[in-house]
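protein_30.cif (mmCIF, C-alpha atoms)
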```
data_final
#
loop_
_atom_site.label_atom_id
_atom_site.label_comp_id
_atom_site.auth_asym_id
_atom_site.auth_seq_id
_atom_site.Cartn_x
_atom_site.Cartn_y
_atom_site.Cartn_z
CA MET A 151 -73.67 -49.85 27.87
CA ARG A 152 -75.40 -48.20 24.90
CA SER A 153 -73.29 -50.28 22.52
CA ILE A 154 -76.44 -51.53 20.86
CA ARG A 155 -76.27 -48.31 18.83
CA ALA A 156 -73.28 -49.78 16.99
CA ALA A 157 -70.99 -52.71 17.67
CA ALA A 158 -67.61 -51.52 18.86
CA VAL A 159 -65.39 -51.33 15.80
CA GLY A 160 -62.10 -53.13 16.22
CA ALA A 161 -63.07 -54.83 19.47
CA VAL A 162 -61.59 -58.11 18.27
CA THR A 163 -58.13 -56.58 18.59
CA LEU A 164 -58.71 -55.19 22.07
CA SER A 165 -56.87 -57.82 24.09
CA LEU A 166 -53.83 -57.66 21.84
CA VAL A 167 -53.75 -53.87 21.88
CA LEU A 168 -54.13 -53.67 25.63
CA SER A 169 -51.41 -56.23 26.27
CA ALA A 170 -49.08 -54.03 24.22
CA ALA A 171 -50.22 -50.99 26.16
CA ALA A 172 -49.61 -52.20 29.67
CA CYS A 173 -47.97 -48.92 30.59
CA GLY A 174 -50.27 -46.75 28.49
CA GLY A 175 -52.03 -43.71 29.83
CA GLY A 176 -49.19 -42.20 31.82
CA THR A 177 -45.48 -41.94 32.30
CA SER A 178 -44.53 -45.43 33.44
CA GLY A 179 -48.14 -45.87 34.45
CA SER A 180 -47.93 -43.24 37.21
CA GLU A 181 -50.78 -40.92 38.11
CA GLY A 182 -50.83 -37.42 36.64
CA GLY A 183 -50.53 -34.12 38.42
CA ASN A 184 -52.16 -30.71 38.50
CA SER A 185 -50.07 -28.58 36.16
CA GLN A 186 -53.20 -27.51 34.24
CA PRO A 187 -55.70 -26.87 37.05
CA LYS A 188 -58.10 -24.66 35.06
CA THR A 189 -59.05 -26.98 32.17
CA LEU A 190 -60.36 -30.48 31.53
CA THR A 191 -61.05 -32.36 28.31
CA TYR A 192 -64.09 -34.64 28.43
CA TRP A 193 -65.07 -37.31 25.92
CA ALA A 194 -68.78 -37.99 26.34
CA SER A 195 -70.50 -40.95 24.74
CA ASN A 196 -73.45 -40.38 22.40
CA GLN A 197 -76.47 -40.95 24.66
CA GLY A 198 -79.09 -38.83 22.90
CA ALA A 199 -80.76 -39.01 19.50
CA SER A 200 -77.79 -37.14 17.98
CA LEU A 201 -74.48 -35.55 18.91
CA GLU A 202 -76.18 -32.17 18.93
CA VAL A 203 -78.77 -33.37 21.42
CA ASP A 204 -75.97 -34.46 23.75
CA LYS A 205 -74.29 -31.08 23.47
CA LYS A 206 -77.56 -29.36 24.37
CA VAL A 207 -77.97 -31.62 27.41
CA LEU A 208 -74.39 -31.44 28.65
CA ARG A 209 -73.22 -27.91 27.88
CA PRO A 210 -75.38 -26.15 30.50
CA GLU A 211 -74.21 -28.64 33.14
CA LEU A 212 -70.56 -28.18 32.24
CA ASP A 213 -71.00 -24.41 32.40
CA LYS A 214 -72.52 -24.86 35.84
CA PHE A 215 -69.45 -26.84 36.90
CA GLU A 216 -67.15 -24.10 35.56
CA LYS A 217 -69.07 -21.43 37.46
CA ARG A 218 -68.70 -23.39 40.70
CA THR A 219 -65.06 -24.42 40.34
CA GLY A 220 -63.43 -22.14 37.79
CA ILE A 221 -62.51 -25.22 35.71
CA LYS A 222 -63.44 -25.06 32.02
CA VAL A 223 -64.51 -28.37 30.45
CA LYS A 224 -63.78 -28.89 26.76
CA LEU A 225 -66.51 -31.24 25.53
CA GLU A 226 -66.36 -33.72 22.68
CA VAL A 227 -69.25 -36.12 22.11
CA VAL A 228 -67.83 -39.24 20.46
CA PRO A 229 -70.08 -41.57 18.40
CA TRP A 230 -70.26 -45.16 19.60
CA ALA A 231 -68.81 -46.46 16.35
CA ASP A 232 -65.60 -44.51 17.07
CA LEU A 233 -65.39 -44.48 20.85
CA LEU A 234 -63.55 -47.72 21.59
CA ASN A 235 -60.92 -47.17 18.90
CA ARG A 236 -60.40 -43.60 20.11
CA ILE A 237 -59.88 -44.87 23.66
CA LEU A 238 -57.48 -47.59 22.54
CA THR A 239 -55.42 -45.07 20.61
CA ALA A 240 -55.33 -42.82 23.67
CA THR A 241 -54.18 -45.64 25.95
CA THR A 242 -51.25 -46.47 23.67
CA SER A 243 -50.22 -42.89 22.85
CA GLY A 244 -50.90 -41.29 26.20
CA GLN A 245 -52.64 -38.49 24.30
CA GLY A 246 -56.20 -38.66 25.49
CA PRO A 247 -58.81 -36.72 27.44
CA ASP A 248 -58.73 -36.11 31.17
CA VAL A 249 -62.15 -37.67 31.74
CA LEU A 250 -64.17 -39.95 29.48
CA ASN A 251 -67.25 -42.12 29.28
CA ILE A 252 -66.87 -45.83 28.59
CA GLY A 253 -69.39 -48.57 27.99
CA ASN A 254 -69.56 -50.45 31.26
CA THR A 255 -68.85 -53.79 29.56
CA TRP A 256 -65.43 -52.45 28.54
CA SER A 257 -64.34 -51.70 32.11
CA ALA A 258 -62.36 -54.87 32.76
CA SER A 259 -60.76 -54.84 29.32
CA LEU A 260 -59.61 -51.24 29.61
CA GLN A 261 -58.52 -51.81 33.20
CA THR A 262 -55.74 -54.08 31.96
CA SER A 263 -54.13 -51.18 30.07
CA GLY A 264 -53.09 -49.50 33.29
CA ALA A 265 -54.17 -46.21 31.71
CA LEU A 266 -57.20 -45.52 33.90
CA LEU A 267 -57.22 -44.17 37.43
CA PRO A 268 -58.09 -46.93 39.95
CA TRP A 269 -60.99 -45.94 42.17
CA ASP A 270 -59.61 -47.02 45.50
CA ALA A 271 -61.19 -46.12 48.84
CA LYS A 272 -59.45 -42.74 48.92
CA ASN A 273 -60.62 -41.76 45.44
CA PHE A 274 -64.17 -42.92 46.14
CA GLU A 275 -64.16 -40.89 49.33
CA ALA A 276 -63.28 -37.82 47.25
CA ILE A 277 -66.59 -38.20 45.37
CA GLY A 278 -68.76 -38.95 48.38
CA GLY A 279 -68.15 -42.64 49.01
CA LYS A 280 -68.61 -45.96 47.22
CA ASP A 281 -71.77 -46.81 49.15
CA ARG A 282 -73.70 -44.10 47.27
CA PHE A 283 -73.80 -46.37 44.21
CA LEU A 284 -75.97 -49.40 43.46
CA GLU A 285 -74.22 -52.75 43.82
CA SER A 286 -75.45 -53.87 40.39
CA ALA A 287 -73.80 -50.84 38.76
CA LEU A 288 -70.56 -51.29 40.68
CA GLY A 289 -70.47 -54.88 39.43
CA SER A 290 -69.65 -53.57 35.93
CA THR A 291 -66.72 -51.34 36.82
CA GLY A 292 -63.81 -53.78 36.47
CA VAL A 293 -62.42 -57.14 37.49
CA GLN A 294 -63.74 -58.43 40.80
CA GLY A 295 -61.24 -58.13 43.62
CA LYS A 296 -59.52 -55.08 42.08
CA ASP A 297 -60.21 -51.40 42.60
CA PRO A 298 -62.78 -50.29 39.99
CA ALA A 299 -61.46 -48.71 36.80
CA ALA A 300 -64.44 -46.38 36.51
CA VAL A 301 -67.47 -44.96 38.28
CA PRO A 302 -71.10 -45.62 37.25
CA LEU A 303 -72.75 -42.66 35.48
CA TYR A 304 -75.90 -43.90 33.70
CA SER A 305 -77.61 -47.25 34.31
CA MET A 306 -79.87 -49.11 31.89
CA ALA A 307 -81.60 -52.45 31.65
CA TYR A 308 -83.41 -54.48 29.03
CA ALA A 309 -87.18 -54.72 28.97
CA LEU A 310 -89.89 -55.93 26.62
CA TYR A 311 -91.58 -53.03 24.81
CA TYR A 312 -94.88 -53.70 23.09
CA ASN A 313 -96.98 -51.78 20.59
CA LYS A 314 -100.41 -51.26 22.18
CA LYS A 315 -102.21 -50.71 18.88
CA MET A 316 -100.93 -53.94 17.35
CA PHE A 317 -101.74 -55.89 20.52
CA ALA A 318 -105.30 -54.51 20.57
CA GLU A 319 -105.85 -55.33 16.89
CA ALA A 320 -104.74 -58.93 17.54
CA GLY A 321 -106.98 -59.23 20.62
CA ILE A 322 -104.02 -59.60 22.99
CA ASP A 323 -104.61 -57.93 26.35
CA LYS A 324 -101.26 -58.34 28.14
CA PRO A 325 -97.58 -58.77 27.31
CA PRO A 326 -95.95 -62.21 27.58
CA THR A 327 -93.91 -63.04 30.67
CA THR A 328 -92.17 -66.25 29.51
CA TRP A 329 -90.41 -67.17 26.28
CA ALA A 330 -93.09 -69.75 25.48
CA GLU A 331 -95.76 -67.06 25.84
CA LEU A 332 -93.67 -64.68 23.70
CA ALA A 333 -93.48 -67.24 20.90
CA GLU A 334 -97.21 -67.89 21.11
CA THR A 335 -98.04 -64.18 21.20
CA GLY A 336 -95.57 -63.46 18.42
CA LYS A 337 -97.21 -65.99 16.11
CA LYS A 338 -100.58 -64.27 16.52
CA LEU A 339 -98.95 -60.99 15.53
CA SER A 340 -96.82 -62.28 12.63
CA LYS A 341 -99.33 -61.86 9.83
CA ASN A 342 -99.93 -59.74 6.74
CA GLY A 343 -96.38 -58.48 6.47
CA LYS A 344 -96.15 -57.61 10.15
CA TRP A 345 -94.06 -59.41 12.74
CA GLY A 346 -94.24 -60.28 16.41
CA LEU A 347 -90.71 -59.40 17.53
CA GLY A 348 -87.88 -57.25 16.24
CA ALA A 349 -84.23 -58.29 16.42
CA GLU A 350 -80.93 -56.94 15.11
CA GLY A 351 -79.03 -59.97 13.88
CA SER A 352 -76.02 -58.01 12.64
CA ASN A 353 -75.67 -55.96 15.83
CA LEU A 354 -72.90 -57.88 17.59
CA SER A 355 -73.25 -56.25 20.99
CA ASN A 356 -77.01 -56.65 21.07
CA ASN A 357 -76.58 -60.31 20.12
CA ILE A 358 -74.27 -60.78 23.09
CA HIS A 359 -76.63 -59.07 25.49
CA GLN A 360 -79.53 -61.33 24.48
CA VAL A 361 -77.68 -64.65 24.41
CA PHE A 362 -75.87 -63.87 27.67
CA VAL A 363 -79.24 -63.56 29.41
CA LEU A 364 -80.62 -66.71 27.78
CA ALA A 365 -77.49 -68.67 28.70
CA LYS A 366 -77.89 -67.53 32.31
CA GLN A 367 -81.49 -68.75 32.20
CA HIS A 368 -80.15 -72.14 31.09
CA GLY A 369 -77.71 -72.17 34.00
CA ALA A 370 -74.60 -71.31 31.99
CA ASP A 371 -71.91 -68.65 31.78
CA PHE A 372 -69.64 -67.99 28.83
CA PHE A 373 -66.58 -68.01 31.10
CA THR A 374 -65.36 -70.30 33.86
CA PRO A 375 -64.89 -68.88 37.38
CA ASP A 376 -61.17 -68.41 36.63
CA GLY A 377 -61.96 -66.36 33.51
CA LYS A 378 -61.41 -68.89 30.72
CA ALA A 379 -63.71 -68.97 27.69
CA ASP A 380 -66.45 -71.61 27.95
CA PHE A 381 -68.67 -71.01 24.94
CA THR A 382 -69.73 -74.59 24.17
CA SER A 383 -71.45 -75.71 27.37
CA ASP A 384 -74.92 -77.18 26.93
CA GLY A 385 -76.48 -74.11 28.55
CA ALA A 386 -74.64 -71.64 26.34
CA VAL A 387 -75.55 -73.60 23.21
CA ALA A 388 -79.19 -73.80 24.34
CA GLY A 389 -79.33 -70.07 25.01
CA VAL A 390 -77.93 -69.12 21.60
CA LYS A 391 -80.20 -71.60 19.81
CA GLN A 392 -83.29 -70.34 21.64
CA TYR A 393 -82.56 -66.77 20.56
CA VAL A 394 -81.93 -67.61 16.88
CA ASP A 395 -84.94 -69.96 16.91
CA LEU A 396 -87.21 -66.94 17.32
CA MET A 397 -86.54 -66.52 13.60
CA ALA A 398 -85.58 -70.03 12.54
CA LYS A 399 -88.22 -72.10 14.34
CA ASP A 400 -90.87 -69.87 15.91
CA LYS A 401 -90.88 -67.51 12.90
CA VAL A 402 -91.87 -64.46 14.91
CA VAL A 403 -88.87 -62.41 13.70
CA ALA A 404 -88.70 -61.23 10.08
CA PRO A 405 -85.87 -62.84 8.06
CA GLY A 406 -84.76 -59.35 7.04
CA ASN A 407 -83.85 -58.64 10.66
CA ALA A 408 -80.76 -60.81 10.14
CA GLU A 409 -79.21 -57.78 8.41
CA TYR A 410 -80.32 -55.17 10.95
CA ALA A 411 -77.40 -53.59 12.77
CA GLN A 412 -78.37 -50.27 14.33
CA ASN A 413 -81.82 -49.28 15.57
CA GLN A 414 -83.78 -50.51 12.52
CA SER A 415 -85.91 -52.70 14.77
CA LEU A 416 -86.97 -49.62 16.74
CA SER A 417 -88.00 -47.89 13.51
CA ASP A 418 -90.15 -50.89 12.54
CA PHE A 419 -91.70 -50.88 16.00
CA ALA A 420 -92.57 -47.18 15.76
CA LYS A 421 -94.09 -47.70 12.28
CA ASP A 422 -96.40 -50.53 13.46
CA LYS A 423 -94.44 -53.14 11.49
CA THR A 424 -93.19 -55.03 14.55
CA ALA A 425 -95.17 -55.52 17.74
CA MET A 426 -92.42 -56.14 20.31
CA VAL A 427 -88.75 -55.33 20.86
CA LEU A 428 -86.29 -56.31 23.57
CA TRP A 429 -84.34 -53.14 24.21
CA GLN A 430 -82.56 -51.14 26.87
CA THR A 431 -84.00 -47.83 28.03
CA ALA A 432 -85.85 -47.12 24.79
CA SER A 433 -88.37 -44.41 25.71
CA ALA A 434 -86.25 -41.48 24.50
CA THR A 435 -85.57 -43.25 21.21
CA PHE A 436 -89.28 -43.92 20.62
CA LYS A 437 -89.91 -40.20 20.98
CA THR A 438 -87.40 -39.43 18.24
CA GLN A 439 -89.21 -41.98 16.06
CA GLY A 440 -92.46 -40.04 16.47
CA MET A 441 -94.18 -42.37 18.96
CA LYS A 442 -96.29 -40.96 21.77
CA ASP A 443 -95.82 -42.31 25.28
CA ASP A 444 -99.31 -43.84 25.37
CA GLU A 445 -98.72 -45.84 22.18
CA TRP A 446 -96.36 -48.34 23.77
CA GLY A 447 -96.07 -50.33 26.98
CA VAL A 448 -93.17 -51.86 28.85
CA ALA A 449 -92.83 -55.08 30.84
CA PRO A 450 -89.98 -57.12 32.27
CA ALA A 451 -88.08 -59.15 29.68
CA PRO A 452 -89.20 -62.81 29.57
CA VAL A 453 -87.83 -65.69 31.61
CA GLN A 454 -88.18 -69.46 31.09
CA SER A 455 -90.82 -69.75 33.81
CA GLY A 456 -91.92 -68.01 36.98
CA LYS A 457 -90.84 -64.45 37.71
CA PRO A 458 -87.62 -62.52 37.04
CA GLY A 459 -84.94 -62.74 39.70
CA GLN A 460 -81.32 -63.73 40.15
CA GLY A 461 -79.64 -66.83 38.72
CA LYS A 462 -81.74 -68.72 36.19
CA ALA A 463 -84.38 -65.98 36.31
CA THR A 464 -81.93 -63.26 35.18
CA ASN A 465 -83.64 -61.24 32.45
CA SER A 466 -81.15 -58.48 31.64
CA MET A 467 -77.49 -57.70 31.60
CA VAL A 468 -76.49 -54.65 33.65
CA ALA A 469 -76.29 -52.03 30.93
CA GLY A 470 -74.88 -48.58 31.38
CA ILE A 471 -72.14 -46.00 31.03
CA ASN A 472 -69.21 -45.51 33.36
CA MET A 473 -67.00 -42.46 33.84
CA ALA A 474 -63.23 -42.91 33.91
CA VAL A 475 -60.17 -40.71 34.44
CA PHE A 476 -56.89 -41.11 32.57
CA LYS A 477 -54.04 -41.50 35.05
CA ASN A 478 -51.82 -39.09 33.12
CA THR A 479 -54.28 -36.20 33.41
CA GLN A 480 -52.63 -32.86 34.08
CA ASN A 481 -55.54 -31.93 36.36
CA LEU A 482 -56.11 -34.90 38.62
CA ASP A 483 -57.79 -32.90 41.36
CA GLY A 484 -60.08 -31.22 38.84
CA ALA A 485 -60.92 -34.53 37.20
CA LYS A 486 -62.05 -35.97 40.51
CA LYS A 487 -64.07 -32.84 41.21
CA PHE A 488 -65.76 -33.25 37.83
CA VAL A 489 -66.63 -36.89 38.50
CA LYS A 490 -68.00 -35.86 41.89
CA PHE A 491 -70.13 -33.19 40.19
CA MET A 492 -71.46 -35.52 37.48
CA THR A 493 -72.34 -38.20 40.04
CA SER A 494 -73.85 -35.79 42.58
CA ASP A 495 -77.47 -36.45 43.48
CA ALA A 496 -78.76 -33.35 41.66
CA GLU A 497 -76.80 -33.94 38.44
CA GLN A 498 -77.74 -37.60 38.40
CA VAL A 499 -81.41 -36.63 38.40
CA THR A 500 -80.90 -34.01 35.67
CA LEU A 501 -78.82 -36.14 33.34
CA ASN A 502 -80.67 -39.42 33.69
CA LYS A 503 -84.03 -37.70 33.24
CA ALA A 504 -82.74 -36.17 30.02
CA TYR A 505 -81.59 -39.53 28.66
CA GLY A 506 -84.35 -41.76 29.99
CA SER A 507 -81.81 -43.84 31.92
CA ILE A 508 -81.66 -44.81 35.59
CA PRO A 509 -79.35 -43.13 38.11
CA PRO A 510 -76.79 -45.59 39.54
CA VAL A 511 -76.70 -43.29 42.58
CA LYS A 512 -79.19 -44.53 45.18
CA ALA A 513 -80.41 -41.15 46.44
CA ALA A 514 -81.09 -39.85 42.94
CA GLN A 515 -83.41 -42.78 42.24
CA GLN A 516 -85.81 -41.41 44.84
CA ASP A 517 -86.81 -38.59 42.50
CA PRO A 518 -90.44 -39.11 41.34
CA ALA A 519 -89.34 -39.05 37.69
CA PHE A 520 -87.89 -42.53 38.13
CA ASN A 521 -91.17 -43.98 39.35
CA ALA A 522 -92.90 -43.35 36.01
CA PRO A 523 -94.00 -46.53 34.18
CA ALA A 524 -91.37 -46.07 31.47
CA VAL A 525 -88.52 -46.42 33.95
CA ALA A 526 -90.03 -48.19 36.97
CA ALA A 527 -89.72 -51.61 35.28
CA LEU A 528 -86.11 -50.89 34.39
CA LYS A 529 -85.29 -49.77 37.92
CA GLU A 530 -86.85 -52.94 39.32
CA THR A 531 -84.88 -55.09 36.86
CA LEU A 532 -81.58 -53.47 37.83
CA ALA A 533 -82.33 -53.97 41.50
CA THR A 534 -83.54 -57.57 41.38
CA SER A 535 -82.86 -59.51 38.18
CA ALA A 536 -79.97 -58.03 36.16
CA THR A 537 -76.47 -59.51 36.05
CA ALA A 538 -73.21 -57.93 34.89
CA LEU A 539 -71.57 -59.30 31.77
CA PRO A 540 -68.34 -61.22 32.49
CA GLN A 541 -65.76 -58.80 33.91
CA VAL A 542 -62.78 -60.34 32.14
CA ALA A 543 -59.99 -58.76 30.11
CA GLU A 544 -61.22 -60.45 26.91
CA GLU A 545 -64.82 -59.25 27.28
CA SER A 546 -64.76 -57.04 24.18
CA GLN A 547 -63.25 -59.82 22.10
CA PHE A 548 -65.98 -62.11 23.45
CA GLU A 549 -68.58 -59.62 22.21
CA THR A 550 -67.04 -59.75 18.75
CA VAL A 551 -66.48 -63.46 18.23
CA VAL A 552 -69.68 -64.74 19.85
CA GLY A 553 -71.70 -61.82 18.49
CA THR A 554 -70.45 -62.75 15.02
CA ALA A 555 -71.36 -66.41 15.56
CA VAL A 556 -74.93 -65.36 16.38
CA LYS A 557 -74.95 -63.07 13.33
CA GLU A 558 -73.94 -65.98 11.10
CA LEU A 559 -76.63 -68.20 12.62
CA PHE A 560 -79.25 -65.53 11.93
CA ALA A 561 -78.01 -65.42 8.33
CA ASP A 562 -78.53 -69.19 8.13
CA ALA A 563 -82.05 -68.85 9.51
CA ALA A 564 -82.91 -66.04 7.08
CA ALA A 565 -81.68 -68.13 4.15
CA GLY A 566 -83.73 -71.13 5.22
CA ARG A 567 -80.73 -73.20 6.30
CA ALA A 568 -81.27 -75.43 9.33
CA VAL A 569 -80.19 -74.11 12.72
CA THR A 570 -79.50 -77.14 14.88
CA THR A 571 -77.84 -77.82 18.19
CA ALA A 572 -74.86 -79.16 16.24
CA SER A 573 -74.59 -76.10 13.99
CA VAL A 574 -74.84 -73.75 16.97
CA ARG A 575 -72.15 -75.66 18.84
CA ALA A 576 -69.91 -75.59 15.76
CA LYS A 577 -70.18 -71.79 15.51
CA LEU A 578 -69.45 -71.38 19.21
CA THR A 579 -66.50 -73.78 19.00
CA LYS A 580 -65.03 -71.63 16.21
CA ALA A 581 -65.63 -68.51 18.30
CA GLN A 582 -63.85 -70.02 21.30
CA GLN A 583 -60.87 -70.94 19.14
CA GLN A 584 -60.61 -67.29 18.04
CA MET A 585 -60.21 -66.02 21.58
CA THR A 586 -56.74 -65.04 22.77
CA LYS A 587 -55.24 -68.06 24.46
CA LYS A 588 -54.18 -67.55 28.07
#
```

Translate this file's structure into structure tokens.
Amino acid sequence: MRSIRAAAVGAVTLSLVLSAAACGGGTSGSEGGNSQPKTLTYWASNQGASLEVDKKVLRPELDKFEKRTGIKVKLEVVPWADLLNRILTATTSGQGPDVLNIGNTWSASLQTSGALLPWDAKNFEAIGGKDRFLESALGSTGVQGKDPAAVPLYSMAYALYYNKKMFAEAGIDKPPTTWAELAETGKKLSKNGKWGLGAEGSNLSNNIHQVFVLAKQHGADFFTPDGKADFTSDGAVAGVKQYVDLMAKDKVVAPGNAEYAQNQSLSDFAKDKTAMVLWQTASATFKTQGMKDDEWGVAPAPVQSGKPGQGKATNSMVAGINMAVFKNTQNLDGAKKFVKFMTSDAEQVTLNKAYGSIPPVKAAQQDPAFNAPAVAALKETLATSATALPQVAEESQFETVVGTAVKELFADAAAGRAVTTASVRAKLTKAQQQMTKK
């Protein structure tokens, strides 16, 4: 999901709100009807550089849909800082849009509300079939073993972006492929007020994305197979410590990055202040920062050793946006037609090209635009070495409590306080205690 733009406000209350909203989203949880067949309300997430950019991208496509079907789509682009709370309010009140975008990491949490239309075999068939979508994208659509709560719309993955000018000035001819190489390369670049790597220590969601990957590389998950929080395993502790140590021990991240919360690291990168960033689908953002395409390069995110792959060589979470339908929609048939339109091969090419993301629809990925260097590495990562974040009901609360623990550890590092295995474990123990008990 593009939640790195801003941590989801109020996520810590998600599990409690959803448990109170078990019948939200419809009358007694039943599916809606078709009493308003000529209109749809659509909440789109903010994917572009601004809300206005999104409107310029989406409005022509929605007009195209209206021309084909006679269904008018009322568009509202909702900022990331507001989106989750808006959705939660809609699930409890039943007063929401017909169709909406959700961060894919929220799928399992929102699924428990009962407010979203389940995408069973019949509903998938109405949009062309489930097999049109990549398995990695489908893995972030809800709890395993249940019908998905949403359909993949935009896919993204993390990669290592590097500033070619800064690399050339430091005599570095290729990007690092392992974390040890990244630390070594970063030290060569961290001189004269410039730094090797950018981070956003106060960005809770980004913290989660990074430490989830590092924990996987240490053979750990943050949840047990039956969905219980497991934040204090040796692998989870090692992953969190390794990430914070980029500032605390390796000193390749500026102490000021502990306070960064929303895209400041990309600004530093574009201004030649930071030589590398770990980011998801960043090319469009670099453009808005004034960078030319030939001024930066992209490579797979680092692993501990060897090459990226599944298991301990995972180097990205499966990022992306899903499209969901409220069960109490008054235009159920129209809503499904709209999802079919937005996930059609042609629209997937148009929309994902506009946003610099990857189509989760297999056929759309064959378009030459997705073989360009800026996206080829991301496409390869999604296909071979990305893993979905835990699809559990408490996922959003997990993002908040563990993301906050990492934020506090970055604050310790910035202030010169020791970050030790014991201090990391203590923060993660506190985070685990804050989770809703099952």

Exactly which residues make up the result of the PyMOL selection byres ((chain A and resi 525-532) around 8) on this file, given as a list in words?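 This file gives the following for the PyMOL selection byres ((chain A and resi 525-532) around 8): Ser286, Met306, Ala307, Tyr308, Ala309, Thr431, Val448, Ala449, Pro450, Pro458, Asn465, Ser466, Val468, Gly506, Ser507, Ile508, Phe520, Asn521, Ala522, Pro523, Ala524, Ala533, Thr534, Ser535 and Ala536 of chain A.
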
All residues 8 Å or closer to Ala469 of chain A, only C-alpha atoms, same chain fewer than 6 positions away omitted, as an MDAnalysis selection string: chainID A and resid 151:152 254:255 305:308 430 538

Could you spell out the hits of the PyMOL selection byres ((chain A and resi 382) around 7) on the shown file, as a list in words?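 In the shown coordinates, the PyMOL selection byres ((chain A and resi 382) around 7) covers Asp380, Phe381, Ser383, Asp384, Ala386, Val387, Arg575, Leu578 and Thr579 of chain A.
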
Test item: the PyMOL selection byres ((chain A and resi 489-497) around 9) resolved as a list in words: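 After applying the PyMOL selection byres ((chain A and resi 489-497) around 9), what remains is Glu211, Phe215, Val249, Ala276, Ile277, Gly278, Val301, Pro302, Leu303, Met473, Ala474, Val475, Gly484, Ala485, Lys486, Lys487, Phe488, Gln498, Val499, Thr500, Leu501, Asn502, Pro509, Pro510, Val511, Lys512, Ala513, Ala514 and Gln515 of chain A.
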
Which is closest to Gly346 of chain A among A:Leu284, A:Val427, A:Ala318, A:Leu416, if we use only C-alpha atoms?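 Distance minimum relative to Gly346 of chain A lands on A:Val427.
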
Between A:His368, A:Lys437, A:Lys324, A:Lys423, single out the one closest to Ser455 of chain A, counting only C-alpha atoms.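 With only C-alpha atoms as the atom set, the closest residue is A:His368.
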
As lines of an AutoDock Vina configuration file, please: the centre and edge lengths in Å, to one decimal, of an axis-aligned box enclosing every listed atom of segment 375-394 of chain A with 3 Å added on each side.
```
center_x = -72.2
center_y = -71.8
center_z = 27.1
size_x = 28.1
size_y = 16.8
size_z = 26.5
```

Between atom CA of Phe362 of chain A and atom CA of Leu339 of chain A, measure the distance and give it in Å to one decimal.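 So the answer is 26.2 Å.
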